[in-house]
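J.: What follows is query-v1.cif; its format and atoms are mmCIF, N, CA and C atoms.
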```cif
data_final
#
loop_
_atom_site.label_atom_id
_atom_site.label_comp_id
_atom_site.auth_asym_id
_atom_site.auth_seq_id
_atom_site.Cartn_x
_atom_site.Cartn_y
_atom_site.Cartn_z
N MET A 1 92.39 119.15 118.43
CA MET A 1 92.29 118.08 117.47
C MET A 1 92.77 118.52 116.10
N ILE A 2 92.52 119.74 115.71
CA ILE A 2 93.00 120.22 114.41
C ILE A 2 94.52 120.23 114.39
N CYS A 3 95.15 120.61 115.47
CA CYS A 3 96.61 120.63 115.52
C CYS A 3 97.19 119.24 115.35
N LEU A 4 96.56 118.23 115.96
CA LEU A 4 97.04 116.85 115.82
C LEU A 4 96.94 116.40 114.37
N ALA A 5 95.86 116.71 113.70
CA ALA A 5 95.71 116.31 112.30
C ALA A 5 96.74 117.00 111.42
N THR A 6 97.01 118.26 111.71
CA THR A 6 98.00 118.99 110.93
C THR A 6 99.39 118.41 111.14
N ALA A 7 99.72 118.07 112.38
CA ALA A 7 101.03 117.52 112.67
C ALA A 7 101.21 116.15 112.03
N ALA A 8 100.15 115.36 111.93
CA ALA A 8 100.24 114.01 111.37
C ALA A 8 100.61 114.05 109.89
N TRP A 9 100.21 115.09 109.19
CA TRP A 9 100.50 115.21 107.75
C TRP A 9 101.31 116.48 107.54
N SER A 10 102.59 116.41 107.88
CA SER A 10 103.40 117.62 107.93
C SER A 10 103.97 118.05 106.58
N GLU A 11 103.92 117.18 105.58
CA GLU A 11 104.49 117.52 104.28
C GLU A 11 103.40 117.48 103.21
N ARG A 12 103.50 118.39 102.22
CA ARG A 12 102.48 118.46 101.17
C ARG A 12 103.12 118.92 99.87
N CYS A 13 102.62 118.36 98.77
CA CYS A 13 102.96 118.88 97.46
C CYS A 13 101.73 118.80 96.57
N THR A 14 101.67 119.71 95.62
CA THR A 14 100.57 119.75 94.66
C THR A 14 101.16 119.44 93.29
N LEU A 15 100.60 118.41 92.65
CA LEU A 15 101.09 117.93 91.37
C LEU A 15 100.04 118.19 90.30
N ALA A 16 100.47 118.27 89.05
CA ALA A 16 99.54 118.58 87.97
C ALA A 16 99.59 117.53 86.86
N SER A 17 98.43 117.28 86.27
CA SER A 17 98.33 116.51 85.03
C SER A 17 97.87 117.48 83.96
N GLU A 18 97.51 116.98 82.80
CA GLU A 18 97.03 117.87 81.74
C GLU A 18 95.72 118.56 82.13
N ASP A 19 94.86 117.85 82.90
CA ASP A 19 93.51 118.35 83.16
C ASP A 19 93.20 118.65 84.62
N THR A 20 94.00 118.17 85.56
CA THR A 20 93.62 118.28 86.96
C THR A 20 94.85 118.33 87.85
N GLN A 21 94.62 118.47 89.15
CA GLN A 21 95.70 118.48 90.13
C GLN A 21 95.49 117.38 91.16
N MET A 22 96.59 117.00 91.79
CA MET A 22 96.56 116.04 92.90
C MET A 22 97.32 116.66 94.06
N VAL A 23 96.74 116.60 95.26
CA VAL A 23 97.42 117.05 96.46
C VAL A 23 97.86 115.80 97.22
N LEU A 24 99.15 115.72 97.47
CA LEU A 24 99.75 114.57 98.15
C LEU A 24 100.29 115.03 99.49
N ASP A 25 99.81 114.41 100.57
CA ASP A 25 100.28 114.72 101.92
C ASP A 25 100.92 113.47 102.52
N TRP A 26 101.97 113.67 103.30
CA TRP A 26 102.62 112.56 103.99
C TRP A 26 103.33 113.08 105.21
N SER A 27 103.77 112.14 106.04
CA SER A 27 104.55 112.49 107.22
C SER A 27 105.83 111.67 107.20
N PRO A 28 106.98 112.29 107.43
CA PRO A 28 108.23 111.53 107.49
C PRO A 28 108.22 110.48 108.60
N ASP A 29 107.34 110.64 109.59
CA ASP A 29 107.25 109.70 110.71
C ASP A 29 106.27 108.57 110.47
N ASN A 30 105.57 108.58 109.33
CA ASN A 30 104.55 107.57 109.05
C ASN A 30 104.74 107.04 107.63
N ASN A 31 105.31 105.85 107.51
CA ASN A 31 105.52 105.29 106.18
C ASN A 31 104.52 104.18 105.87
N THR A 32 103.34 104.26 106.47
CA THR A 32 102.32 103.24 106.22
C THR A 32 101.12 103.78 105.45
N GLN A 33 101.06 105.10 105.26
CA GLN A 33 99.95 105.66 104.49
C GLN A 33 100.31 107.06 103.97
N ILE A 34 99.57 107.47 102.94
CA ILE A 34 99.67 108.82 102.40
C ILE A 34 98.25 109.35 102.23
N LEU A 35 98.13 110.65 102.09
CA LEU A 35 96.84 111.26 101.77
C LEU A 35 96.88 111.68 100.30
N VAL A 36 95.90 111.23 99.54
CA VAL A 36 95.77 111.62 98.14
C VAL A 36 94.46 112.38 98.01
N ASN A 37 94.56 113.67 97.73
CA ASN A 37 93.38 114.55 97.67
C ASN A 37 92.50 114.40 98.90
N GLY A 38 93.15 114.32 100.06
CA GLY A 38 92.42 114.26 101.34
C GLY A 38 91.97 112.89 101.78
N VAL A 39 92.26 111.85 101.00
CA VAL A 39 91.84 110.48 101.34
C VAL A 39 93.07 109.69 101.78
N ALA A 40 93.02 109.11 102.99
CA ALA A 40 94.12 108.30 103.50
C ALA A 40 94.15 106.96 102.76
N ILE A 41 95.33 106.60 102.26
CA ILE A 41 95.51 105.35 101.52
C ILE A 41 96.70 104.60 102.10
N PRO A 42 96.52 103.32 102.44
CA PRO A 42 97.66 102.52 102.91
C PRO A 42 98.76 102.51 101.84
N ALA A 43 100.01 102.62 102.28
CA ALA A 43 101.12 102.75 101.33
C ALA A 43 102.32 101.92 101.77
N GLN A 44 103.11 101.53 100.77
CA GLN A 44 104.39 100.86 101.00
C GLN A 44 105.49 101.76 100.45
N TRP A 45 106.45 102.11 101.29
CA TRP A 45 107.64 102.84 100.84
C TRP A 45 108.65 101.76 100.48
N ILE A 46 109.02 101.70 99.23
CA ILE A 46 109.95 100.68 98.76
C ILE A 46 111.28 101.36 98.46
N THR A 47 112.32 100.96 99.18
CA THR A 47 113.61 101.61 99.04
C THR A 47 114.64 100.74 98.32
N GLU A 48 114.43 99.43 98.28
CA GLU A 48 115.36 98.50 97.65
C GLU A 48 114.60 97.58 96.71
N PRO A 49 115.30 96.93 95.78
CA PRO A 49 114.63 95.99 94.88
C PRO A 49 113.86 94.93 95.67
N THR A 50 112.61 94.68 95.25
CA THR A 50 111.78 93.72 95.96
C THR A 50 110.71 93.15 95.03
N ASP A 51 110.22 91.99 95.37
CA ASP A 51 109.07 91.41 94.67
C ASP A 51 107.81 91.96 95.32
N LEU A 52 107.03 92.70 94.55
CA LEU A 52 105.85 93.38 95.08
C LEU A 52 104.63 92.47 95.14
N ASP A 53 104.45 91.67 94.09
CA ASP A 53 103.24 90.84 94.02
C ASP A 53 103.42 89.82 92.92
N GLU A 54 102.42 88.95 92.78
CA GLU A 54 102.38 88.01 91.67
C GLU A 54 101.10 88.22 90.89
N MET A 55 101.17 87.93 89.59
CA MET A 55 100.01 88.05 88.72
C MET A 55 99.92 86.77 87.90
N ARG A 56 98.73 86.22 87.82
CA ARG A 56 98.54 84.98 87.09
C ARG A 56 97.76 85.26 85.81
N SER A 57 98.25 84.72 84.69
CA SER A 57 97.58 84.83 83.41
C SER A 57 97.55 83.43 82.79
N GLY A 58 96.36 82.85 82.72
CA GLY A 58 96.25 81.48 82.24
C GLY A 58 96.96 80.56 83.21
N ASP A 59 97.92 79.79 82.70
CA ASP A 59 98.65 78.88 83.58
C ASP A 59 100.06 79.39 83.89
N VAL A 60 100.30 80.68 83.64
CA VAL A 60 101.61 81.27 83.91
C VAL A 60 101.49 82.29 85.04
N THR A 61 102.42 82.24 85.99
CA THR A 61 102.46 83.21 87.08
C THR A 61 103.65 84.14 86.86
N TYR A 62 103.38 85.44 86.87
CA TYR A 62 104.41 86.46 86.71
C TYR A 62 104.66 87.13 88.05
N THR A 63 105.93 87.44 88.33
CA THR A 63 106.29 88.17 89.54
C THR A 63 106.48 89.64 89.19
N ILE A 64 105.83 90.51 89.95
CA ILE A 64 105.99 91.95 89.76
C ILE A 64 107.17 92.38 90.63
N HIS A 65 108.27 92.74 89.99
CA HIS A 65 109.50 93.11 90.68
C HIS A 65 109.72 94.61 90.50
N VAL A 66 110.01 95.32 91.57
CA VAL A 66 110.27 96.76 91.49
C VAL A 66 111.66 97.06 92.05
N GLN A 67 112.27 98.10 91.51
CA GLN A 67 113.63 98.48 91.89
C GLN A 67 113.68 99.41 93.09
N GLY A 68 112.71 100.33 93.20
CA GLY A 68 112.76 101.34 94.24
C GLY A 68 113.73 102.44 93.85
N PRO A 69 113.70 103.60 94.43
CA PRO A 69 112.69 103.95 95.43
C PRO A 69 111.35 104.25 94.78
N MET A 70 110.30 103.94 95.49
CA MET A 70 108.96 104.25 95.03
C MET A 70 107.99 104.10 96.19
N ILE A 71 106.81 104.65 96.01
CA ILE A 71 105.71 104.45 96.96
C ILE A 71 104.58 103.81 96.18
N PHE A 72 104.08 102.72 96.70
CA PHE A 72 102.93 102.04 96.09
C PHE A 72 101.80 102.09 97.11
N ALA A 73 100.67 102.67 96.71
CA ALA A 73 99.53 102.81 97.61
C ALA A 73 98.27 102.33 96.89
N ASN A 74 97.45 101.58 97.60
CA ASN A 74 96.17 101.19 97.00
C ASN A 74 95.11 101.02 98.07
N LYS A 75 93.89 101.32 97.64
CA LYS A 75 92.72 101.21 98.50
C LYS A 75 91.53 100.92 97.60
N GLY A 76 90.93 99.75 97.77
CA GLY A 76 89.85 99.36 96.88
C GLY A 76 90.39 99.23 95.47
N ARG A 77 89.76 99.89 94.53
CA ARG A 77 90.21 99.86 93.14
C ARG A 77 91.28 100.91 92.84
N ALA A 78 91.44 101.89 93.72
CA ALA A 78 92.38 102.98 93.47
C ALA A 78 93.82 102.53 93.72
N SER A 79 94.69 102.78 92.75
CA SER A 79 96.10 102.45 92.86
C SER A 79 96.92 103.68 92.50
N VAL A 80 97.89 104.02 93.36
CA VAL A 80 98.73 105.19 93.15
C VAL A 80 100.18 104.75 93.28
N THR A 81 100.99 105.10 92.26
CA THR A 81 102.41 104.80 92.28
C THR A 81 103.18 106.12 92.19
N VAL A 82 104.11 106.32 93.12
CA VAL A 82 104.92 107.55 93.16
C VAL A 82 106.38 107.16 92.96
N VAL A 83 107.04 107.77 91.99
CA VAL A 83 108.46 107.51 91.73
C VAL A 83 109.19 108.83 91.57
N PRO A 84 110.48 108.86 91.90
CA PRO A 84 111.25 110.08 91.66
C PRO A 84 111.34 110.35 90.16
N ALA A 85 111.26 111.61 89.77
CA ALA A 85 111.44 112.01 88.38
C ALA A 85 112.92 112.29 88.13
N GLN A 86 113.25 112.70 86.93
CA GLN A 86 114.66 112.93 86.59
C GLN A 86 115.27 114.12 87.31
N LEU A 87 114.49 115.18 87.50
CA LEU A 87 115.02 116.35 88.20
C LEU A 87 114.96 116.13 89.70
N PRO A 88 115.93 116.66 90.45
CA PRO A 88 115.91 116.51 91.91
C PRO A 88 114.62 117.09 92.52
N ASP A 89 114.12 116.43 93.55
CA ASP A 89 112.94 116.88 94.31
C ASP A 89 111.69 116.99 93.44
N THR A 90 111.60 116.19 92.38
CA THR A 90 110.38 116.11 91.59
C THR A 90 109.93 114.65 91.53
N VAL A 91 108.63 114.45 91.32
CA VAL A 91 108.08 113.10 91.26
C VAL A 91 107.12 112.96 90.09
N THR A 92 106.88 111.70 89.72
CA THR A 92 105.84 111.34 88.78
C THR A 92 104.90 110.40 89.51
N VAL A 93 103.62 110.70 89.45
CA VAL A 93 102.60 109.89 90.14
C VAL A 93 101.63 109.36 89.09
N THR A 94 101.40 108.05 89.13
CA THR A 94 100.41 107.44 88.25
C THR A 94 99.24 106.98 89.11
N SER A 95 98.06 107.41 88.74
CA SER A 95 96.83 107.05 89.44
C SER A 95 95.94 106.29 88.47
N VAL A 96 95.46 105.12 88.89
CA VAL A 96 94.62 104.30 88.02
C VAL A 96 93.63 103.51 88.87
N ASN A 97 92.45 103.27 88.33
CA ASN A 97 91.48 102.39 88.98
C ASN A 97 91.63 101.00 88.36
N ILE A 98 91.93 100.03 89.20
CA ILE A 98 92.14 98.65 88.76
C ILE A 98 90.80 97.96 88.62
N PRO A 99 90.53 97.36 87.46
CA PRO A 99 89.25 96.65 87.30
C PRO A 99 89.17 95.41 88.18
N HIS A 100 87.95 95.06 88.60
CA HIS A 100 87.74 93.88 89.43
C HIS A 100 87.58 92.61 88.61
N LYS A 101 87.44 92.75 87.32
CA LYS A 101 87.26 91.57 86.47
C LYS A 101 88.19 91.68 85.28
N TYR A 102 88.31 90.61 84.54
CA TYR A 102 89.17 90.62 83.36
C TYR A 102 88.69 91.65 82.36
N THR A 103 89.64 92.37 81.78
CA THR A 103 89.32 93.39 80.79
C THR A 103 90.55 93.59 79.90
N ASP A 104 90.38 94.20 78.77
CA ASP A 104 91.54 94.43 77.92
C ASP A 104 92.32 95.64 78.44
N TYR A 105 93.57 95.73 78.01
CA TYR A 105 94.48 96.76 78.51
C TYR A 105 93.96 98.17 78.24
N GLU A 106 93.43 98.41 77.06
CA GLU A 106 92.95 99.75 76.71
C GLU A 106 91.82 100.18 77.64
N THR A 107 90.90 99.27 77.92
CA THR A 107 89.79 99.59 78.83
C THR A 107 90.32 99.86 80.24
N ALA A 108 91.27 99.06 80.68
CA ALA A 108 91.79 99.18 82.04
C ALA A 108 92.53 100.49 82.27
N THR A 109 93.10 101.07 81.22
CA THR A 109 93.91 102.27 81.40
C THR A 109 93.21 103.56 81.01
N THR A 110 91.93 103.52 80.69
CA THR A 110 91.24 104.74 80.29
C THR A 110 91.16 105.76 81.42
N GLU A 111 91.16 105.31 82.66
CA GLU A 111 91.09 106.23 83.80
C GLU A 111 92.46 106.55 84.37
N ARG A 112 93.52 106.13 83.72
CA ARG A 112 94.89 106.36 84.19
C ARG A 112 95.24 107.83 84.01
N VAL A 113 95.78 108.44 85.08
CA VAL A 113 96.19 109.84 85.03
C VAL A 113 97.62 109.92 85.57
N VAL A 114 98.47 110.66 84.88
CA VAL A 114 99.85 110.85 85.31
C VAL A 114 100.03 112.30 85.75
N PHE A 115 100.55 112.45 86.96
CA PHE A 115 100.81 113.77 87.55
C PHE A 115 102.31 113.97 87.69
N ASN A 116 102.78 115.21 87.58
CA ASN A 116 104.18 115.54 87.74
C ASN A 116 104.30 116.82 88.54
N GLY A 117 105.44 116.96 89.22
CA GLY A 117 105.70 118.21 89.90
C GLY A 117 106.73 118.11 91.00
N ALA A 118 107.00 119.26 91.60
CA ALA A 118 107.96 119.33 92.70
C ALA A 118 107.38 118.72 93.95
N CYS A 119 108.19 117.93 94.63
CA CYS A 119 107.73 117.28 95.86
C CYS A 119 108.96 117.03 96.73
N LYS A 120 109.45 118.10 97.31
CA LYS A 120 110.69 118.05 98.07
C LYS A 120 110.55 117.23 99.35
N GLY A 121 111.52 116.35 99.57
CA GLY A 121 111.60 115.59 100.81
C GLY A 121 110.84 114.27 100.83
N LEU A 122 110.18 113.92 99.75
CA LEU A 122 109.43 112.66 99.75
C LEU A 122 110.36 111.47 99.68
N PHE A 123 111.42 111.59 98.88
CA PHE A 123 112.39 110.48 98.77
C PHE A 123 113.74 110.90 99.30
#
```
Could you take the file, read its structure, and then write that structure out as C-alpha cells?
T.:
Amino acid sequence: MICLATAAWSERCTLASEDTQMVLDWSPDNNTQILVNGVAIPAQWITEPTDLDEMRSGDVTYTIHVQGPMIFANKGRASVTVVPAQLPDTVTVTSVNIPHKYTDYETATTERVVFNGACKGLF
C-alpha cells in the first residue's frame, strides 16, 4: 500500500514564502487533484484561455477569465493558484482562505501567502 501511494504522487517540489514552506505533490497521470502539504485538493489544470467562474457584486455579474497555463485548486475555504514564474521550471503559488461571508478586501487577504521556487515538470 505504501508503494501505491508513492506512485500516485510521483512528483514533488518544496516552495518557500517569507515565513514558511509549502510542499506540492502531483502526478503527471492525474490532473484532477494535487497534494498541498499532504492534503489532497481537487484541482483544475488550465492550459488555454477560459472562463473560470462568475462573481456577483450588487446587480453586476463579473466573469473571472484566466489565460493559462495555471492550476486552480480549492477545498472548503482553502484556495491555491499555481502559475509559471518568469524563470524556466519555477512557479509562484498563492494560497488564501476565502471568506464565507462578505468582507472587505484587506480582511480577506490577511491570510494570503505567496510561495516561490523551482518546480520542474509541473507545466
J.: Pick the closest to A:Val80 from A:Thr47, A:Thr14, A:Gln67, A:Asn37: which is it, counting only C-alpha atoms?
T.: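 Among the listed residues, the smallest separation from A:Val80 belongs to A:Asn37.
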J.: To one decimal place, how far is atom N of A:Pro28 from atom N of A:Val96 in Å?
T.: 23.0 Å
J.: Check the smallest atom-to-atom distance from each of A:Asp89, A:Met22, A:Ile41, A:Phe123 to A:Pro69 using only N, CA and C atoms, then report the winner.
T.: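 For A:Pro69, the nearest of the candidates is A:Phe123.
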J.: Tell me, in Å to one decimal, how far atom CA of A:Ala43 is from atom N of A:Gln86.
T.: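 Result for atom CA of A:Ala43 versus atom N of A:Gln86: 21.3 Å, one decimal.
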J.: Grab the atom N of A:Asn31 to atom C of A:Gly68 distance for me, in Å with one decimal place.
T.: 16.4 Å
J.: Given the PyMOL selection byres ((chain A and resi 15) around 6) and the file above, list the residues it selects as a ChimeraX atom specification.
T.: /A:13-14,16-17,20-24,115-117
J.: Where does the PyMOL selection byres ((chain A and resi 73) around 8) land in this file, that is, which residues does it pick, as a ChimeraX atom specification?
T.: /A:33-34,41-45,70-72,74-76,78-82
J.: With all atoms listed in the file as the counted atoms, please give the residues lying no more than 6 Å from A:Thr63, apart from itself and same-chain residues fewer than 6 positions off, as a list in words.
T.: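 Listing them by chain and then by number gives Asp53, Glu54 and Met55 of chain A.
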J.: Apply DSSP to the structure's backbone, then extract all residues of chain A labelled strand (DSSP E) and return them as JSON, numbers by chain.
T.: {"A": [11, 12, 13, 14, 15, 16, 21, 22, 23, 24, 25, 26, 27, 30, 31, 32, 33, 34, 35, 36, 39, 40, 41, 42, 43, 44, 45, 46, 50, 51, 52, 53, 54, 55, 56, 57, 60, 61, 62, 63, 64, 65, 66, 70, 71, 72, 73, 74, 75, 78, 79, 80, 81, 82, 83, 84, 90, 91, 92, 93, 94, 95, 96, 97, 113, 114, 115, 116, 117, 118]}
J.: Counting all atoms listed in the file, figure out which residue out of A:Arg77, A:Glu111, A:Asp29, A:Lys120 gets nearest to A:Val91.
T.: A:Lys120
J.: Hey, what does DSSP flag as alpha helix (DSSP H) within chain A? Can you give it to me as a PyMOL selection string?
T.: chain A and resi 2-8+105-108
J.: Could you write out as JSON, numbers by chain the residues that the PyMOL selection byres ((chain A and resi 26) around 5) matches in the shown file?
T.: {"A": [9, 10, 11, 24, 25, 27, 28]}
J.: Of the candidates A:Cys119, A:Val113, A:Glu106, A:Thr61, which shows the shortest atom-to-atom distance to A:Thr94, using all atoms listed in the file?
T.: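 Nearest to A:Thr94: A:Val113.
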